[in-house]
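Reproduced below: coords-v7.csv, with CSV, C-alpha atoms.
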```csv
chain,number,residue,atom,x,y,z
A,1,GLU,CA,127.4,103.1,56.5
A,2,THR,CA,128.2,102.5,60.2
A,3,VAL,CA,130.9,103.5,62.6
A,4,ASN,CA,131.6,101.5,65.7
A,5,ASN,CA,133.2,102.7,69.0
A,6,THR,CA,134.9,101.5,72.2
A,7,ASN,CA,134.4,103.5,75.3
A,8,SER,CA,135.0,103.6,79.1
A,9,SER,CA,132.1,104.8,81.2
A,10,THR,CA,131.4,104.9,84.9
A,11,PHE,CA,128.4,105.3,87.2
A,12,GLU,CA,128.5,108.1,89.7
A,13,ASN,CA,129.0,105.5,92.4
A,14,LYS,CA,128.8,101.8,93.0
A,15,ASN,CA,125.6,101.8,95.1
A,16,VAL,CA,122.2,100.4,94.1
A,17,GLY,CA,119.8,102.8,92.6
A,18,THR,CA,117.6,103.7,89.5
A,19,ASP,CA,118.3,106.3,86.8
A,20,LYS,CA,121.8,106.7,88.0
A,21,THR,CA,124.1,109.0,85.9
A,22,VAL,CA,126.6,107.3,83.7
A,23,THR,CA,129.5,109.4,82.3
A,24,VAL,CA,131.5,108.5,79.2
A,25,ASN,CA,135.1,109.0,80.2
A,26,SER,CA,136.8,107.9,77.0
A,27,ILE,CA,135.6,106.9,73.5
A,28,THR,CA,137.4,105.7,70.3
A,29,LEU,CA,135.8,105.4,66.9
A,30,VAL,CA,136.3,102.2,64.9
A,31,ASP,CA,135.7,101.6,61.2
A,32,GLY,CA,132.3,100.1,60.6
A,33,SER,CA,130.4,98.5,57.7
A,34,ASN,CA,129.3,99.8,54.3
A,35,GLY,CA,132.3,102.0,53.9
A,36,GLY,CA,132.1,103.7,57.3
A,37,LEU,CA,135.5,105.0,58.1
A,38,ALA,CA,136.4,106.2,61.6
A,39,SER,CA,138.8,108.8,60.1
A,40,ASN,CA,135.8,110.6,58.6
A,41,TYR,CA,134.4,111.4,62.0
A,42,SER,CA,135.4,112.9,65.4
A,43,ILE,CA,133.6,112.6,68.8
A,44,SER,CA,134.3,114.1,72.2
A,45,THR,CA,134.1,112.5,75.7
A,46,GLY,CA,131.9,113.6,78.6
A,47,GLN,CA,128.6,112.4,77.3
A,48,THR,CA,126.2,111.2,80.0
A,49,THR,CA,123.3,108.8,80.2
A,50,THR,CA,121.3,107.0,83.0
A,51,ALA,CA,121.1,103.4,84.0
A,52,ASN,CA,120.1,101.3,87.0
A,53,ILE,CA,122.2,99.2,89.5
A,54,SER,CA,120.1,96.4,91.1
A,55,LYS,CA,120.9,94.5,94.3
A,56,LYS,CA,123.2,91.5,94.1
A,57,THR,CA,122.2,88.2,95.7
A,58,LEU,CA,124.3,87.2,98.7
A,59,THR,CA,123.9,83.8,100.4
A,60,VAL,CA,125.1,83.1,103.9
A,61,SER,CA,126.2,79.5,104.9
A,62,GLY,CA,128.7,77.6,106.9
A,63,ILE,CA,127.4,78.4,110.4
A,64,ALA,CA,127.6,75.4,112.7
A,65,ALA,CA,126.0,74.8,116.2
A,66,SER,CA,127.9,73.0,119.0
A,67,ASN,CA,126.6,70.1,120.9
A,68,LYS,CA,126.0,70.5,124.7
A,69,SER,CA,124.9,68.7,127.8
A,70,TYR,CA,121.5,69.6,129.3
A,71,ASP,CA,121.6,72.9,131.3
A,72,GLY,CA,118.0,73.8,131.5
A,73,THR,CA,118.2,76.5,128.9
A,74,THR,CA,117.9,76.7,125.1
A,75,SER,CA,121.2,78.5,124.7
A,76,VAL,CA,123.7,77.3,122.1
A,77,THR,CA,127.2,78.2,121.0
A,78,LEU,CA,127.6,78.9,117.3
A,79,ASP,CA,130.8,78.3,115.4
A,80,THR,CA,131.1,81.0,112.7
A,81,SER,CA,134.8,80.3,111.8
A,82,SER,CA,133.7,78.8,108.4
A,83,VAL,CA,130.9,81.3,107.6
A,84,SER,CA,130.6,82.0,103.8
A,85,TYR,CA,129.2,85.0,102.1
A,86,ASN,CA,128.6,83.7,98.6
A,87,GLY,CA,128.1,86.6,96.2
A,88,LEU,CA,130.0,89.2,98.2
A,89,VAL,CA,132.1,91.6,96.1
A,90,SER,CA,135.7,91.7,97.2
A,91,GLY,CA,136.5,94.8,99.2
A,92,ASP,CA,132.9,95.6,100.1
A,93,SER,CA,132.2,96.7,103.7
A,94,PHE,CA,130.1,93.8,105.0
A,95,ALA,CA,130.0,91.8,108.2
A,96,GLY,CA,127.6,89.4,109.9
A,97,SER,CA,126.6,88.7,113.5
A,98,PHE,CA,124.8,85.5,114.5
A,99,SER,CA,123.1,84.0,117.6
A,100,GLY,CA,121.1,80.9,118.0
A,101,VAL,CA,118.8,78.9,120.3
A,102,PHE,CA,117.6,75.4,120.5
A,103,ALA,CA,113.9,74.9,119.8
A,104,ASN,CA,113.5,73.7,123.4
A,105,GLU,CA,115.8,72.7,126.3
A,106,ASN,CA,115.2,69.0,126.3
A,107,ILE,CA,117.8,66.4,125.4
A,108,GLY,CA,117.8,64.8,122.0
A,109,THR,CA,119.8,64.1,118.8
A,110,GLY,CA,119.7,66.4,115.8
A,111,ARG,CA,117.8,69.1,117.7
A,112,ILE,CA,116.8,72.2,115.6
A,113,VAL,CA,118.8,75.3,116.3
A,114,ASN,CA,117.2,78.5,115.1
A,115,ILE,CA,119.7,81.1,113.9
A,116,THR,CA,119.1,84.9,114.1
A,117,SER,CA,121.3,87.1,111.9
A,118,SER,CA,122.2,90.8,111.7
A,119,TYR,CA,124.5,92.6,109.4
A,120,SER,CA,126.6,95.8,109.4
A,121,GLY,CA,128.9,97.7,107.0
A,122,ASP,CA,128.5,100.4,104.4
A,123,ASP,CA,127.6,98.1,101.6
A,124,ILE,CA,124.8,95.9,103.1
A,125,GLY,CA,122.2,97.9,101.2
A,126,ASN,CA,123.6,96.6,97.9
A,127,TYR,CA,122.7,93.0,98.5
A,128,ASN,CA,119.6,90.8,98.7
A,129,ILE,CA,120.7,88.5,101.6
A,130,THR,CA,119.6,84.9,102.0
A,131,ASP,CA,120.2,84.0,105.7
A,132,GLN,CA,121.2,80.6,107.1
A,133,SER,CA,118.2,80.2,109.4
A,134,THR,CA,118.8,76.8,111.0
A,135,HIS,CA,121.3,74.2,111.9
A,136,PHE,CA,121.2,71.0,114.0
A,137,ALA,CA,123.0,69.9,117.2
A,138,ASN,CA,122.6,67.4,120.1
A,139,ILE,CA,121.7,67.9,123.7
A,140,THR,CA,123.0,65.1,125.9
A,141,ILE,CA,121.9,64.2,129.4
A,142,GLY,CA,123.0,66.6,132.1
A,143,ASN,CA,125.3,65.7,135.1
A,144,PRO,CA,124.6,68.2,137.8
A,145,SER,CA,126.5,68.7,141.0
A,146,ILE,CA,125.6,70.4,144.3
A,147,ILE,CA,128.1,73.0,145.6
A,148,GLY,CA,128.1,75.4,148.6
A,149,LEU,CA,127.7,72.9,151.4
A,150,ASN,CA,130.4,72.7,154.1
A,151,ASP,CA,130.6,71.2,157.7
A,152,GLN,CA,129.0,73.4,160.4
A,153,THR,CA,129.6,73.7,164.1
A,154,LYS,CA,126.8,75.6,165.9
A,155,ASN,CA,125.8,76.5,169.4
A,156,PHE,CA,122.4,75.4,170.5
A,157,ASN,CA,121.3,79.0,171.3
A,158,THR,CA,121.4,79.7,167.6
A,159,SER,CA,118.3,77.5,167.2
A,160,SER,CA,118.3,77.5,163.3
A,161,TYR,CA,120.1,78.6,160.2
A,162,THR,CA,119.7,78.1,156.4
A,163,LEU,CA,122.5,76.7,154.2
A,164,PRO,CA,121.1,76.0,150.8
A,165,GLY,CA,123.1,74.1,148.2
A,166,THR,CA,123.5,75.4,144.6
A,167,SER,CA,123.0,73.2,141.6
A,168,SER,CA,125.6,73.5,138.9
A,169,ILE,CA,122.6,73.4,136.5
A,170,SER,CA,120.6,76.4,137.4
A,171,GLY,CA,117.0,75.9,138.6
A,172,LEU,CA,117.1,72.2,139.5
A,173,PRO,CA,115.1,71.4,142.7
A,174,ILE,CA,117.2,70.2,145.6
A,175,VAL,CA,115.6,68.1,148.4
A,176,TYR,CA,117.2,68.2,151.9
A,177,SER,CA,117.0,65.6,154.7
A,178,SER,CA,118.4,65.0,158.1
A,179,SER,CA,120.1,61.7,159.2
A,180,ASP,CA,118.7,62.2,162.8
A,181,THR,CA,115.6,64.3,163.3
A,182,SER,CA,116.1,64.0,167.1
A,183,VAL,CA,119.1,66.2,166.8
A,184,ALA,CA,118.1,68.6,163.9
A,185,THR,CA,115.3,68.8,161.3
A,186,VAL,CA,115.7,70.4,157.9
A,187,ASP,CA,113.1,72.0,155.6
A,188,SER,CA,113.2,69.7,152.5
A,189,ASN,CA,112.7,72.6,150.1
A,190,THR,CA,114.8,75.4,151.6
A,191,GLY,CA,117.6,73.7,153.5
A,192,LYS,CA,116.6,75.6,156.8
A,193,VAL,CA,117.9,73.6,159.7
A,194,THR,CA,116.2,73.7,163.1
A,195,PHE,CA,117.9,72.4,166.2
A,196,VAL,CA,116.2,69.8,168.4
A,197,ASN,CA,119.1,68.6,170.6
A,198,ILE,CA,122.8,68.8,170.9
A,199,GLY,CA,124.7,66.2,168.9
A,200,THR,CA,126.0,65.4,165.5
A,201,VAL,CA,123.9,64.9,162.4
A,202,THR,CA,124.4,64.7,158.6
A,203,ILE,CA,122.4,67.0,156.4
A,204,SER,CA,122.0,65.7,152.9
A,205,ALA,CA,121.1,67.4,149.7
A,206,ASN,CA,119.7,65.5,146.7
A,207,ILE,CA,118.8,66.2,143.1
A,208,VAL,CA,116.4,63.5,141.8
A,209,SER,CA,117.1,62.3,138.2
A,210,THR,CA,114.8,63.0,135.3
A,211,LEU,CA,114.9,62.2,131.6
A,212,ASN,CA,117.1,65.3,131.1
A,213,TYR,CA,119.6,64.9,133.9
A,214,ASN,CA,121.1,62.4,136.3
A,215,SER,CA,120.8,62.5,140.1
A,216,ALA,CA,123.3,64.2,142.4
A,217,THR,CA,123.9,64.2,146.1
A,218,SER,CA,126.0,66.1,148.6
A,219,SER,CA,126.1,66.4,152.4
A,220,TYR,CA,127.7,68.1,155.3
A,221,THR,CA,128.1,67.3,159.0
A,222,LEU,CA,126.5,69.5,161.6
A,223,GLU,CA,127.7,69.5,165.2
A,224,ILE,CA,125.5,71.2,167.7
A,225,ASN,CA,127.1,72.1,171.0
A,226,LEU,CA,125.4,73.4,174.1
A,227,ASN,CA,127.4,76.6,173.9
A,228,ALA,CA,130.9,77.7,172.8
A,229,THR,CA,132.5,75.3,175.4
A,230,ASN,CA,129.7,72.7,175.3
A,231,ILE,CA,128.9,71.2,178.7
A,232,ASN,CA,131.6,73.1,180.7
A,233,ASN,CA,129.4,76.2,181.1
A,234,ILE,CA,126.8,74.3,183.1
A,235,THR,CA,127.0,75.4,186.7
A,236,SER,CA,125.7,73.4,189.6
A,237,ASN,CA,125.0,73.9,193.3
A,238,VAL,CA,125.3,70.8,195.3
A,239,ILE,CA,122.4,70.3,197.7
A,240,ASN,CA,123.5,67.0,199.1
A,241,SER,CA,126.5,65.3,197.5
A,242,SER,CA,128.3,63.7,200.4
A,243,GLY,CA,126.6,60.3,199.9
A,244,ILE,CA,127.5,59.4,203.5
A,245,THR,CA,124.3,59.9,205.4
A,246,VAL,CA,122.0,57.0,204.9
A,247,VAL,CA,118.2,57.5,205.3
A,248,ASN,CA,116.2,54.4,204.5
A,249,GLN,CA,112.6,55.1,203.4
A,250,SER,CA,110.3,53.2,201.0
A,251,THR,CA,109.6,54.7,197.7
A,252,THR,CA,106.7,54.2,195.3
A,253,LEU,CA,105.4,55.9,192.2
A,254,ASN,CA,101.8,56.1,193.1
A,255,ASN,CA,98.9,57.7,191.2
A,256,THR,CA,99.9,61.1,192.5
A,257,ASN,CA,103.3,60.6,191.0
A,258,SER,CA,105.1,61.8,194.1
A,259,PHE,CA,108.5,60.4,195.2
A,260,SER,CA,109.7,59.8,198.7
A,261,LYS,CA,113.4,60.0,199.6
A,262,SER,CA,115.7,57.2,200.3
A,263,LEU,CA,119.4,58.1,200.5
A,264,ARG,CA,122.1,55.4,200.6
A,265,LEU,CA,125.7,55.0,199.8
A,266,VAL,CA,126.5,53.5,196.4
A,267,PRO,CA,130.0,53.2,194.9
A,268,LYS,CA,130.5,55.4,191.8
A,269,GLN,CA,130.6,53.4,188.6
A,270,ASP,CA,130.7,54.4,184.9
A,271,SER,CA,130.3,50.9,183.4
A,272,GLY,CA,127.6,50.0,181.0
A,273,SER,CA,125.5,52.4,178.9
A,274,ILE,CA,122.2,54.2,179.4
A,275,ASN,CA,119.0,53.0,177.9
A,276,ALA,CA,116.1,54.6,179.9
A,277,LYS,CA,112.4,55.1,179.5
A,278,ILE,CA,111.5,58.8,179.5
A,279,VAL,CA,108.4,59.4,181.7
A,280,VAL,CA,106.7,62.8,181.7
A,281,ILE,CA,104.4,63.8,184.6
A,282,LYS,CA,102.1,66.7,183.6
A,283,ASP,CA,99.3,68.7,185.2
A,284,ASN,CA,96.9,65.7,185.3
A,285,PHE,CA,99.5,63.8,187.4
A,286,ASP,CA,99.5,60.9,184.8
A,287,ALA,CA,102.9,59.4,184.1
A,288,ASN,CA,103.3,58.9,180.4
A,289,VAL,CA,106.1,57.2,178.6
A,290,GLU,CA,107.1,59.4,175.7
A,291,GLY,CA,110.3,57.7,174.5
A,292,VAL,CA,113.5,56.0,175.3
A,293,TYR,CA,116.8,57.8,175.9
A,294,ILE,CA,119.6,55.8,174.3
A,295,GLU,CA,123.3,56.6,174.9
A,296,GLU,CA,125.5,56.5,171.8
A,297,SER,CA,129.2,57.2,171.1
A,298,SER,CA,128.3,60.6,169.5
A,299,GLY,CA,125.8,61.5,172.3
A,300,GLY,CA,122.3,60.5,173.3
A,301,LYS,CA,119.2,60.2,171.2
A,302,ILE,CA,115.5,59.8,171.9
A,303,SER,CA,113.7,57.0,170.2
A,304,THR,CA,109.9,56.8,170.1
A,305,GLU,CA,109.7,53.3,168.6
A,306,PHE,CA,108.1,50.6,170.8
A,307,ASN,CA,107.2,47.0,169.9
A,308,ASP,CA,103.6,47.5,171.2
A,309,GLU,CA,101.5,49.6,173.5
A,310,GLU,CA,102.1,47.3,176.4
A,311,GLU,CA,105.8,47.7,176.2
A,312,LYS,CA,105.4,51.5,175.9
A,313,ASP,CA,103.3,51.7,179.1
A,314,LYS,CA,105.8,49.8,181.2
A,315,PHE,CA,108.6,51.4,183.1
A,316,GLU,CA,110.6,50.8,186.3
A,317,GLU,CA,110.0,53.0,189.4
A,318,PRO,CA,113.1,55.2,189.8
A,319,GLY,CA,113.6,54.1,193.4
A,320,GLY,CA,115.1,56.0,196.4
A,321,ILE,CA,117.1,59.2,196.2
A,322,ILE,CA,120.9,58.9,196.1
A,323,ASP,CA,121.6,62.6,195.7
A,324,GLU,CA,120.1,65.9,194.8
A,325,ARG,CA,121.5,68.8,192.8
A,326,THR,CA,120.4,71.9,191.0
A,327,ILE,CA,121.8,72.9,187.6
A,328,ILE,CA,121.6,76.2,185.8
A,329,LEU,CA,121.5,75.4,182.1
A,330,LYS,CA,122.9,78.4,180.2
A,331,ILE,CA,121.9,78.5,176.6
A,332,SER,CA,123.1,82.1,176.1
A,333,GLU,CA,124.1,85.1,178.1
A,334,ASN,CA,120.4,86.0,178.6
A,335,ASN,CA,118.8,82.6,178.5
A,336,GLU,CA,119.3,80.2,181.4
A,337,TYR,CA,117.0,77.5,182.9
A,338,ASN,CA,116.9,76.0,186.3
A,339,TYR,CA,116.4,72.4,187.2
A,340,GLN,CA,116.5,70.2,190.3
A,341,LEU,CA,118.0,66.8,189.7
A,342,GLU,CA,117.3,63.7,191.8
A,343,LEU,CA,119.7,60.8,191.2
A,344,ARG,CA,117.8,57.7,192.3
A,345,GLN,CA,118.6,54.1,192.6
A,346,LYS,CA,117.2,53.2,189.1
A,347,GLY,CA,116.5,56.5,187.6
A,348,LEU,CA,116.8,60.3,187.3
A,349,VAL,CA,114.1,62.8,188.2
A,350,ILE,CA,114.3,66.3,186.6
A,351,LYS,CA,112.2,69.1,188.0
A,352,PRO,CA,112.0,72.6,186.5
A,353,LEU,CA,112.2,75.3,189.1
A,354,ASP,CA,110.3,78.0,187.1
A,355,ASN,CA,107.8,78.4,184.3
A,356,SER,CA,110.4,79.3,181.6
A,357,SER,CA,112.3,76.1,182.5
A,358,VAL,CA,109.1,74.1,182.2
A,359,SER,CA,108.5,75.5,178.7
A,360,PHE,CA,112.1,74.8,177.7
A,361,VAL,CA,112.2,71.2,178.8
A,362,GLU,CA,108.9,70.5,177.0
A,363,SER,CA,110.4,71.4,173.7
A,364,ASN,CA,114.0,70.4,174.4
A,365,LYS,CA,113.8,67.2,176.4
A,366,GLY,CA,116.9,65.7,174.8
A,367,LEU,CA,119.1,68.7,175.6
A,368,VAL,CA,118.0,68.9,179.2
A,369,ILE,CA,118.4,65.2,179.7
A,370,GLU,CA,121.9,65.2,178.1
A,371,SER,CA,122.9,68.1,180.4
A,372,ALA,CA,121.5,66.4,183.5
A,373,ILE,CA,123.3,63.2,182.8
A,374,SER,CA,126.6,65.1,182.3
A,375,GLU,CA,126.1,66.6,185.8
A,376,ILE,CA,125.2,63.4,187.6
A,377,MET,CA,128.1,61.5,186.2
A,378,ASN,CA,130.2,63.3,188.9
A,379,ILE,CA,128.0,62.0,191.7
A,380,VAL,CA,129.1,59.1,193.9
A,381,GLY,CA,126.7,56.3,193.3
A,382,PHE,CA,126.0,56.9,189.6
A,383,VAL,CA,125.8,53.7,187.7
A,384,LYS,CA,125.1,54.0,184.0
A,385,GLY,CA,123.6,50.5,183.6
A,386,GLN,CA,121.1,51.0,186.5
A,387,LEU,CA,119.6,54.2,185.0
A,388,LYS,CA,116.3,52.7,183.8
A,389,THR,CA,113.9,55.6,184.0
A,390,ILE,CA,114.2,59.3,183.5
A,391,VAL,CA,111.3,61.2,184.9
A,392,ILE,CA,110.5,64.8,183.8
A,393,ASP,CA,108.2,66.2,186.5
A,394,ILE,CA,106.4,69.3,185.1
A,395,LYS,CA,103.2,69.0,187.1
A,396,ASN,CA,104.1,72.1,189.1
A,397,ARG,CA,103.4,75.6,187.6
A,398,PHE,CA,104.9,78.7,189.2
```
Can the structure in the file be given as structure tokens, please?
Amino acid sequence: ETVNNTNSSTFENKNVGTDKTVTVNSITLVDGSNGGLASNYSISTGQTTTANISKKTLTVSGIAASNKSYDGTTSVTLDTSSVSYNGLVSGDSFAGSFSGVFANENIGTGRIVNITSSYSGDDIGNYNITDQSTHFANITIGNPSIIGLNDQTKNFNTSSYTLPGTSSISGLPIVYSSSDTSVATVDSNTGKVTFVNIGTVTISANIVSTLNYNSATSSYTLEINLNATNINNITSNVINSSGITVVNQSTTLNNTNSFSKSLRLVPKQDSGSINAKIVVIKDNFDANVEGVYIEESSGGKISTEFNDEEEKDKFEEPGGIIDERTIILKISENNEYNYQLELRQKGLVIKPLDNSSVSFVESNKGLVIESAISEIMNIVGFVKGQLKTIVIDIKNRF
């Protein structure tokens, strides 16, 4: 005969393990077969046995990757709002943390996103976890911008500064250029600006387009002044400014490049504009045309473009002297340069009075010419349109 039973038994705890103790908490006998009656028997609770608890399979899904525009990185934003833990027992302590990266940074549709997962909670050891390892998202073409550039006003004595732009997409190369290299040059890679002359110039910054991103441009205006009050700090000492005494002498520009005086009275005029050949006389006494000074509304500039060599070599003799002056060109408190100016019938002669002034005019012709013209505009007899030749006489060394 047989007797059946119903019972309630429990493991010592819920966690995975082998040979875990199982305790019978309650048991009830039930009539069996072949005449087995439950009433003929009695049984007590508390019996124990052993059994195993194996890990349960848990599958992670529902993680999505967000599209983005090109930013030069493989970073990606994951959306875990719909993450699913299929197989998780209700009430178990279990949580997931997820991060992802694109396979590479380049643009494309349906780009693979690799997902890395980590888990925490008291019950993670009770599961065999199947991760969601990938998803797909798009990287669209980038649209960078350049920030950090703003208009600048500088004094010429500063000589240089660096103002780099910043790309909104990190790491993109920026190429810099100057609208007028006779006023200021700029390092195309670093944005370092070096002053050449006083004046106004536009500094541009450009990002060149590629397959991954579009082009971008930005710019700022740079104004370079002689000093804090521009030309007002130039001091002058008039050697002969009356313009009344008339001395008539012939004047020639011979092979020694010396000039003889010829003073005469000429009414002061400001009409016309200046377009004058720049002639430099050096140690070998040769007179070489090095450019053309052209007056513009924003200040003068020096052009070195000529139609041909014959045009370049020709220049008008400056003529007789109308007036003479000296100027002290103050660049800073401790930097000043001395020049003698000769306003002539058709030109202007600039002569440095010491070696430092020689060196300065050699590298800053435009600035010295601009300052000299600002001074001679106050001289009786100055006629803009008749200024055909500007001679920089640096044959003398001191």
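The two atoms in question, CA of Ala372 (chain A) and CA of Ile328 (chain A), are spaced 10.1 Å apart.
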Practice prompt. Write out as a PyMOL selection string the residues lying within 12 Å of Val196 (chain A), counting all atoms listed in the file and excluding same-chain residues fewer than 6 positions away.
Written response: chain A and resi 155-160+178+180-186+223-226+301-302+360-368
Item to complete: Find the residues near region 37-41 of chain A: any atom within 10 Å, counting all atoms listed in the file, skip ones fewer than 5 places away on the same chain, and give them as number ranges by chain.
Response: A: 1-5, 28-32
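Separating CA of Ser357 (chain A) from CA of Glu375 (chain A) is a distance of 17.1 Å.
One finds CA of Ala65 (chain A) at 27.4 Å from CA of Ser215 (chain A).
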Worksheet item: Please, which residues are within 12 Å of (120.1, 68.8, 115.2) by the file's coordinates, counting only C-alpha atoms, and could they come as a list in words?
Response: Ala64, Ala65, Ser66, Asn67, Lys68, Val76, Val101, Phe102, Ala103, Asn104, Ile107, Gly108, Thr109, Gly110, Arg111, Ile112, Val113, Asn114, Thr134, His135, Phe136, Ala137, Asn138, Ile139 and Thr140 of chain A
